[in-house]
file work_11.txt (compact mmCIF, C-alpha atoms)
# COMPACT_ATOMS: atom_id res chain seq x y z
CA LYS A 1 125.83 116.35 90.24
CA ALA A 2 127.21 113.41 88.34
CA GLY A 3 125.13 110.26 88.56
CA VAL A 4 126.19 106.76 89.51
CA THR A 5 128.90 105.52 87.17
CA GLN A 6 129.45 101.86 86.45
CA THR A 7 132.30 100.40 84.45
CA PRO A 8 132.59 98.63 82.17
CA ARG A 9 129.23 98.79 80.37
CA TYR A 10 129.68 95.40 78.71
CA LEU A 11 131.76 92.34 79.48
CA ILE A 12 132.12 88.97 77.83
CA LYS A 13 133.82 86.25 79.84
CA THR A 14 134.14 82.49 79.64
CA ARG A 15 133.13 79.96 82.26
CA GLY A 16 135.60 79.62 85.09
CA GLN A 17 137.03 83.11 84.74
CA GLN A 18 136.57 85.87 87.28
CA VAL A 19 135.36 89.41 86.80
CA THR A 20 135.48 92.70 88.70
CA LEU A 21 132.87 95.40 88.25
CA SER A 22 133.26 98.97 89.44
CA CYS A 23 130.79 101.53 90.76
CA SER A 24 131.31 105.19 91.62
CA PRO A 25 128.40 106.56 93.66
CA ILE A 26 126.92 110.03 93.63
CA SER A 27 129.11 112.44 95.57
CA GLY A 28 128.09 112.43 99.22
CA HIS A 29 126.37 109.05 99.07
CA ARG A 30 127.86 106.57 101.50
CA SER A 31 125.73 103.51 100.80
CA VAL A 32 126.28 101.36 97.73
CA SER A 33 124.10 98.37 96.87
CA TRP A 34 124.49 95.81 94.12
CA TYR A 35 121.69 94.04 92.29
CA GLN A 36 121.55 91.31 89.68
CA GLN A 37 118.83 91.71 87.08
CA THR A 38 117.71 88.87 84.83
CA PRO A 39 114.55 88.52 82.76
CA GLY A 40 113.22 85.65 84.84
CA GLN A 41 114.24 86.72 88.34
CA GLY A 42 113.86 90.48 88.31
CA LEU A 43 116.09 92.51 90.62
CA GLN A 44 117.93 90.32 93.11
CA PHE A 45 119.79 91.97 95.98
CA LEU A 46 123.45 91.01 96.26
CA PHE A 47 124.87 93.16 99.05
CA GLU A 48 125.04 96.65 100.49
CA TYR A 49 128.05 98.54 101.77
CA PHE A 50 128.12 101.53 104.05
CA SER A 51 131.29 103.22 105.23
CA GLU A 52 133.45 100.37 103.91
CA THR A 53 131.44 97.73 105.81
CA GLN A 54 129.08 95.17 104.36
CA ARG A 55 125.81 95.97 106.07
CA ASN A 56 123.44 93.57 104.29
CA LYS A 57 123.86 90.50 102.15
CA GLY A 58 121.49 88.66 99.83
CA ASN A 59 121.26 84.95 99.09
CA PHE A 60 124.09 84.55 96.62
CA PRO A 61 126.96 82.06 96.80
CA GLY A 62 130.34 83.03 98.13
CA ARG A 63 131.63 83.42 94.58
CA PHE A 64 130.02 86.86 94.71
CA SER A 65 131.91 89.33 96.83
CA GLY A 66 132.34 93.04 97.09
CA ARG A 67 134.10 95.82 98.87
CA GLN A 68 133.87 99.54 99.39
CA PHE A 69 136.70 101.99 99.56
CA SER A 70 137.13 105.04 101.78
CA ASN A 71 135.86 107.30 98.97
CA SER A 72 132.66 105.19 98.82
CA ARG A 73 133.53 103.70 95.45
CA SER A 74 132.68 100.01 95.33
CA GLU A 75 133.76 96.95 93.45
CA MET A 76 132.02 93.66 92.97
CA ASN A 77 133.85 90.45 92.13
CA VAL A 78 132.50 87.20 90.76
CA SER A 79 134.87 84.24 90.71
CA THR A 80 134.58 80.95 88.80
CA LEU A 81 131.95 82.33 86.46
CA GLU A 82 129.00 80.16 85.47
CA LEU A 83 126.67 80.53 82.49
CA GLY A 84 123.87 81.48 84.89
CA ASP A 85 125.81 84.54 86.00
CA SER A 86 124.98 86.24 82.72
CA ALA A 87 122.92 89.25 83.73
CA LEU A 88 122.76 93.00 84.09
CA TYR A 89 124.52 94.03 87.28
CA LEU A 90 123.21 97.26 88.72
CA CYS A 91 124.82 99.40 91.33
CA ALA A 92 122.76 101.86 93.36
CA SER A 93 123.90 104.54 95.75
CA SER A 94 122.00 106.33 98.47
CA LEU A 95 122.69 108.66 101.35
CA GLY A 96 122.38 105.70 103.68
CA ARG A 97 122.23 107.71 106.89
CA GLY A 98 121.90 105.23 109.69
CA GLU A 99 118.79 103.11 109.29
CA ASP A 100 116.93 105.43 106.93
CA ASN A 101 115.67 104.17 103.59
CA SER A 102 116.66 106.98 101.30
CA PRO A 103 115.94 106.50 97.57
CA LEU A 104 118.27 104.40 95.48
CA HIS A 105 120.02 106.02 92.52
CA PHE A 106 120.97 103.42 89.96
CA GLY A 107 123.80 103.37 87.47
CA ASN A 108 123.37 102.19 83.88
CA GLY A 109 124.64 98.77 84.82
CA THR A 110 127.24 96.35 83.52
CA ARG A 111 125.96 93.74 81.09
CA LEU A 112 127.90 90.52 81.76
CA THR A 113 127.74 87.66 79.30
CA VAL A 114 129.33 84.35 80.23
CA THR A 115 130.01 81.93 77.40
CA GLY B 1 112.26 84.96 104.04
CA GLN B 2 111.04 88.31 102.85
CA GLN B 3 109.04 88.14 99.62
CA VAL B 4 107.50 90.91 97.59
CA MET B 5 105.11 89.79 94.90
CA GLN B 6 103.89 92.03 92.14
CA ILE B 7 101.01 91.54 89.73
CA PRO B 8 100.38 91.51 86.89
CA GLN B 9 103.68 90.60 85.28
CA TYR B 10 102.66 92.14 81.95
CA GLN B 11 99.96 94.60 80.97
CA HIS B 12 99.03 95.86 77.52
CA VAL B 13 96.67 98.84 77.38
CA GLN B 14 95.33 101.15 74.73
CA GLU B 15 96.55 104.69 75.06
CA GLY B 16 94.10 106.56 77.27
CA GLU B 17 93.14 103.53 79.35
CA ASP B 18 93.98 103.25 83.02
CA PHE B 19 96.60 100.91 84.48
CA THR B 20 97.16 99.47 87.95
CA THR B 21 99.94 97.33 89.39
CA TYR B 22 99.77 95.70 92.81
CA CYS B 23 102.51 94.86 95.26
CA ASN B 24 102.12 92.43 98.17
CA SER B 25 104.57 91.59 100.92
CA SER B 26 104.64 88.51 103.12
CA THR B 27 105.67 90.68 106.09
CA THR B 28 105.01 94.19 107.38
CA LEU B 29 107.10 96.81 105.63
CA SER B 30 108.77 99.87 107.04
CA ASN B 31 108.19 101.74 103.82
CA ILE B 32 107.74 101.11 100.14
CA GLN B 33 109.32 102.74 97.15
CA TRP B 34 108.32 102.67 93.50
CA TYR B 35 110.70 102.72 90.55
CA LYS B 36 110.26 102.92 86.79
CA GLN B 37 112.64 101.31 84.32
CA ARG B 38 112.36 102.30 80.68
CA PRO B 39 113.37 99.70 78.08
CA GLY B 40 117.16 99.57 77.96
CA GLY B 41 117.46 101.87 80.95
CA HIS B 42 117.95 101.61 84.68
CA PRO B 43 115.39 101.89 87.48
CA VAL B 44 114.52 105.46 88.40
CA PHE B 45 113.01 106.38 91.76
CA LEU B 46 109.41 107.62 91.61
CA ILE B 47 108.15 107.91 95.18
CA GLN B 48 108.36 106.62 98.74
CA LEU B 49 105.42 105.81 101.02
CA VAL B 50 105.95 105.51 104.76
CA LYS B 51 102.68 105.86 106.64
CA SER B 52 99.89 103.30 106.94
CA GLY B 53 97.12 104.13 104.46
CA GLU B 54 99.19 106.83 102.79
CA VAL B 55 98.14 108.08 99.35
CA LYS B 56 100.37 110.21 97.15
CA LYS B 57 99.79 111.63 93.69
CA GLN B 58 102.16 112.66 90.95
CA LYS B 59 100.14 114.08 88.07
CA ARG B 60 98.40 111.02 86.55
CA LEU B 61 100.06 108.57 88.97
CA THR B 62 98.45 107.62 92.31
CA PHE B 63 100.35 105.57 94.87
CA GLN B 64 98.78 103.87 97.88
CA PHE B 65 100.21 102.10 100.92
CA GLY B 66 97.91 99.61 102.63
CA GLU B 67 96.63 100.02 106.17
CA ALA B 68 98.59 96.98 107.32
CA LYS B 69 101.71 98.19 105.47
CA LYS B 70 101.90 94.89 103.59
CA ASN B 71 100.61 95.98 100.21
CA SER B 72 100.77 98.87 97.82
CA SER B 73 99.45 99.92 94.44
CA LEU B 74 100.33 102.24 91.60
CA HIS B 75 97.52 103.53 89.41
CA ILE B 76 98.06 105.47 86.20
CA THR B 77 95.10 107.38 84.78
CA ALA B 78 94.78 107.83 81.02
CA THR B 79 98.04 106.15 80.02
CA GLN B 80 100.34 107.75 77.47
CA THR B 81 103.09 106.19 75.36
CA THR B 82 105.64 107.84 77.65
CA ASP B 83 104.40 105.58 80.47
CA VAL B 84 105.90 102.52 78.78
CA GLY B 85 108.35 100.64 80.98
CA THR B 86 108.58 98.27 83.90
CA TYR B 87 107.32 99.43 87.27
CA PHE B 88 108.92 97.96 90.39
CA CYS B 89 107.93 98.24 94.00
CA ALA B 90 110.63 97.87 96.62
CA GLY B 91 109.89 97.29 100.26
CA SER B 92 112.12 97.46 103.29
CA GLN B 93 111.63 95.93 106.70
CA PRO B 94 111.61 97.92 109.94
CA THR B 95 115.22 96.92 110.57
CA GLY B 96 117.99 97.32 108.08
CA ASN B 97 118.52 99.28 104.92
CA GLN B 98 117.83 96.41 102.53
CA PHE B 99 115.21 96.69 99.81
CA TYR B 100 113.28 93.74 98.45
CA PHE B 101 112.16 94.40 94.91
CA GLY B 102 108.98 93.05 93.43
CA THR B 103 109.17 91.15 90.16
CA GLY B 104 107.95 94.19 88.25
CA THR B 105 105.04 94.90 85.92
CA SER B 106 105.91 95.55 82.31
CA LEU B 107 103.53 98.10 80.79
CA THR B 108 103.00 98.39 77.05
CA VAL B 109 100.87 101.24 75.76
CA ILE B 110 99.36 100.79 72.32
CA PRO B 111 98.91 104.08 70.46
call {"tool": "encode", "arguments": {"input": "work_11.txt", "output": "C-alpha cells"}}
result
Amino acid sequence: KAGVTQTPRYLIKTRGQQVTLSCSPISGHRSVSWYQQTPGQGLQFLFEYFSETQRNKGNFPGRFSGRQFSNSRSEMNVSTLELGDSALYLCASSLGRGEDNSPLHFGNGTRLTVT
Amino acid sequence: GQQVMQIPQYQHVQEGEDFTTYCNSSTTLSNIQWYKQRPGGHPVFLIQLVKSGEVKKQKRLTFQFGEAKKNSSLHITATQTTDVGTYFCAGSQPTGNQFYFGTGTSLTVIP
C-alpha cells in the first residue's frame, strides 16, 4: 500500500500570501488530521476531517482552514501568512471508524518557510 | 484544556545505557499512543495502550500505562544508535478522535 503523500515537500512564501497544502491518505483511510510542527511547540493539532466533515479543531486562528474531498484527499489552506507560520505541516491518516483511536500514519510533511 | 507533558525534553546516553521518557496528562485518557520520529523524518507509530496498568513490550522497548490512565512511560533497555530520534506520546480523551501530543523527548545515543 502506498503511504500518505503530501505535496509539495517545500514551499517558500512571503508574508501576506496564502498557501494550499495537499494530502492523499492511505487507501481506505477516511480520517485525515493536520498538525503543525515547530522546534519550540512540538506537534500542534490543527484539525481532523472524516467523511468530508471537520470532526475536531485545534486552537488555531481562522486563517487556517481545511477541507476533505469525497475520495478522502484533504487540503489545508493558510491565508495572510505570517512569519510565525513557518513550520513543518504534517498530515496523518487513519481508519477513523467512528470513535476509535486507530494509529496515525504520517506523511513526510510540507516544509513551509515564510519570509 | 487538555495538556500532555513529556519529560525529559532531551536525553543523551552512552550506547548500552537505559533510557526512559515519561508522559503525564492533566486529564484521564482513553488511550495513549507512542510515536518515534527519526531526524529529518516523520512520526511513526510504535504502540497503543488502552487498559489501566497495561504493560507492553517490543524487544528492548517497554511501554506502561498508569493505573489512573493519566500517565505513561517508555523504557528502552541497552540503547543502540538506531534508537536515536524523538519519542512522542499522544493521548486521546474518552470522547472524540483527537490526539494530544506530548512535547517529545529527543534521544541522542553516543557510540
call {"tool": "closest_residue", "arguments": {"input": "work_11.txt", "among": "A:Ser72, A:Ser102, A:Asn108, A:Thr38", "to": "chain B", "atoms": "only C-alpha atoms"}}
result
A:Asn108
call {"tool": "interface_residues", "arguments": {"input": "work_11.txt", "of": "chain B", "to": "chain A", "cutoff": "7 Å", "atoms": "all atoms listed in the file", "output": "short mmCIF file (atom, residue, chain, number, x, y, z; two decimals) with C-alpha atoms, keeping the file's coordinate frame"}}
result
data_model
loop_
_atom_site.label_atom_id
_atom_site.label_comp_id
_atom_site.auth_asym_id
_atom_site.auth_seq_id
_atom_site.Cartn_x
_atom_site.Cartn_y
_atom_site.Cartn_z
CA GLY B 41 117.46 101.87 80.95
CA HIS B 42 117.95 101.61 84.68
CA PRO B 43 115.39 101.89 87.48
CA VAL B 44 114.52 105.46 88.40
CA PHE B 45 113.01 106.38 91.76
CA GLY B 96 117.99 97.32 108.08
CA ASN B 97 118.52 99.28 104.92
CA GLN B 98 117.83 96.41 102.53
CA PHE B 101 112.16 94.40 94.91
CA THR B 103 109.17 91.15 90.16
CA GLY B 104 107.95 94.19 88.25
#
call {"tool": "axis_aligned_box", "arguments": {"input": "work_11.txt", "around": "range 67-73 of chain A", "padding_each_side": "4 Å", "output": "AutoDock Vina command-line options"}}
result
--center_x 134.9 --center_y 101.6 --center_z 98.6 --size_x 12.5 --size_y 19.5 --size_z 14.3
call {"tool": "atom_distance", "arguments": {"input": "work_11.txt", "atom1": "CA of Gln37 in chain B", "atom2": "CA of Phe88 in chain B"}}
result
7.9 Å
call {"tool": "residues_around", "arguments": {"input": "work_11.txt", "residues": "Val84 in chain B", "least_positions_apart": "6", "cutoff": "7 Å", "atoms": "all atoms listed in the file", "output": "list in words"}}
result
Arg38, Leu107, Thr108 and Val109 of chain B
call {"tool": "atom_distance", "arguments": {"input": "work_11.txt", "atom1": "CA of Leu83 in chain A", "atom2": "CA of Gly62 in chain A"}}
result
16.3 Å
call {"tool": "residues_around", "arguments": {"input": "work_11.txt", "residues": "Phe99 in chain B", "least_positions_apart": "4", "cutoff": "7 Å", "atoms": "only C-alpha atoms", "output": "PyMOL selection string"}}
result
chain B and resi 90-92
call {"tool": "residues_near_point", "arguments": {"input": "work_11.txt", "point": "(135.5, 103.9, 101.7)", "cutoff": "10 Å", "atoms": "all atoms listed in the file", "output": "PDB file with C-alpha atoms, in the coordinates of the input"}}
result
ATOM      1  CA  ARG A  30     127.860 106.570 101.500  1.00  0.00           C
ATOM      2  CA  SER A  31     125.730 103.510 100.800  1.00  0.00           C
ATOM      3  CA  TYR A  49     128.050  98.540 101.770  1.00  0.00           C
ATOM      4  CA  PHE A  50     128.120 101.530 104.050  1.00  0.00           C
ATOM      5  CA  SER A  51     131.290 103.220 105.230  1.00  0.00           C
ATOM      6  CA  GLU A  52     133.450 100.370 103.910  1.00  0.00           C
ATOM      7  CA  THR A  53     131.440  97.730 105.810  1.00  0.00           C
ATOM      8  CA  ARG A  67     134.100  95.820  98.870  1.00  0.00           C
ATOM      9  CA  GLN A  68     133.870  99.540  99.390  1.00  0.00           C
ATOM     10  CA  PHE A  69     136.700 101.990  99.560  1.00  0.00           C
ATOM     11  CA  SER A  70     137.130 105.040 101.780  1.00  0.00           C
ATOM     12  CA  ASN A  71     135.860 107.300  98.970  1.00  0.00           C
ATOM     13  CA  SER A  72     132.660 105.190  98.820  1.00  0.00           C
ATOM     14  CA  ARG A  73     133.530 103.700  95.450  1.00  0.00           C
ATOM     15  CA  SER A  74     132.680 100.010  95.330  1.00  0.00           C
TER      16      SER A  74
END
call {"tool": "atom_distance", "arguments": {"input": "work_11.txt", "atom1": "CA of Ser79 in chain A", "atom2": "CA of Leu112 in chain A"}}
result
13.0 Å
call {"tool": "residues_around", "arguments": {"input": "work_11.txt", "residues": "Glu54 in chain B", "least_positions_apart": "5", "cutoff": "12 Å", "atoms": "all atoms listed in the file", "output": "ChimeraX atom specification"}}
result
/B:31-32,47-49,62-69,71-73
call {"tool": "closest_residue", "arguments": {"input": "work_11.txt", "among": "A:Gln37, A:Thr20, A:Gly66, A:Thr115", "to": "Gly102 in chain B", "atoms": "all atoms listed in the file"}}
result
A:Gln37
call {"tool": "residues_around", "arguments": {"input": "work_11.txt", "residues": "range 14-16 of chain A", "least_positions_apart": "2", "cutoff": "9 Å", "atoms": "only C-alpha atoms", "output": "JSON, numbers by chain"}}
result
{"A": [12, 18, 79, 80, 81, 82, 83, 113, 114, 115]}
call {"tool": "closest_residue", "arguments": {"input": "work_11.txt", "among": "B:Leu46, B:Pro8, B:Lys51, B:Gly16", "to": "Thr28 in chain B", "atoms": "all atoms listed in the file"}}
result
B:Lys51
call {"tool": "residues_near_point", "arguments": {"input": "work_11.txt", "point": "(130.0, 94.2, 94.4)", "cutoff": "6 Å", "atoms": "all atoms listed in the file", "output": "list in words"}}
result
Trp34, Ser65, Gly66, Glu75, Met76 and Asn77 of chain A
call {"tool": "write_last_selection", "arguments": {"input": "work_11.txt", "atoms": "C-alpha atoms", "output": "PDB file, in the frame of the given file"}}
result
ATOM      1  CA  TRP A  34     124.490  95.810  94.120  1.00  0.00           C
ATOM      2  CA  SER A  65     131.910  89.330  96.830  1.00  0.00           C
ATOM      3  CA  GLY A  66     132.340  93.040  97.090  1.00  0.00           C
ATOM      4  CA  GLU A  75     133.760  96.950  93.450  1.00  0.00           C
ATOM      5  CA  MET A  76     132.020  93.660  92.970  1.00  0.00           C
ATOM      6  CA  ASN A  77     133.850  90.450  92.130  1.00  0.00           C
TER       7      ASN A  77
END
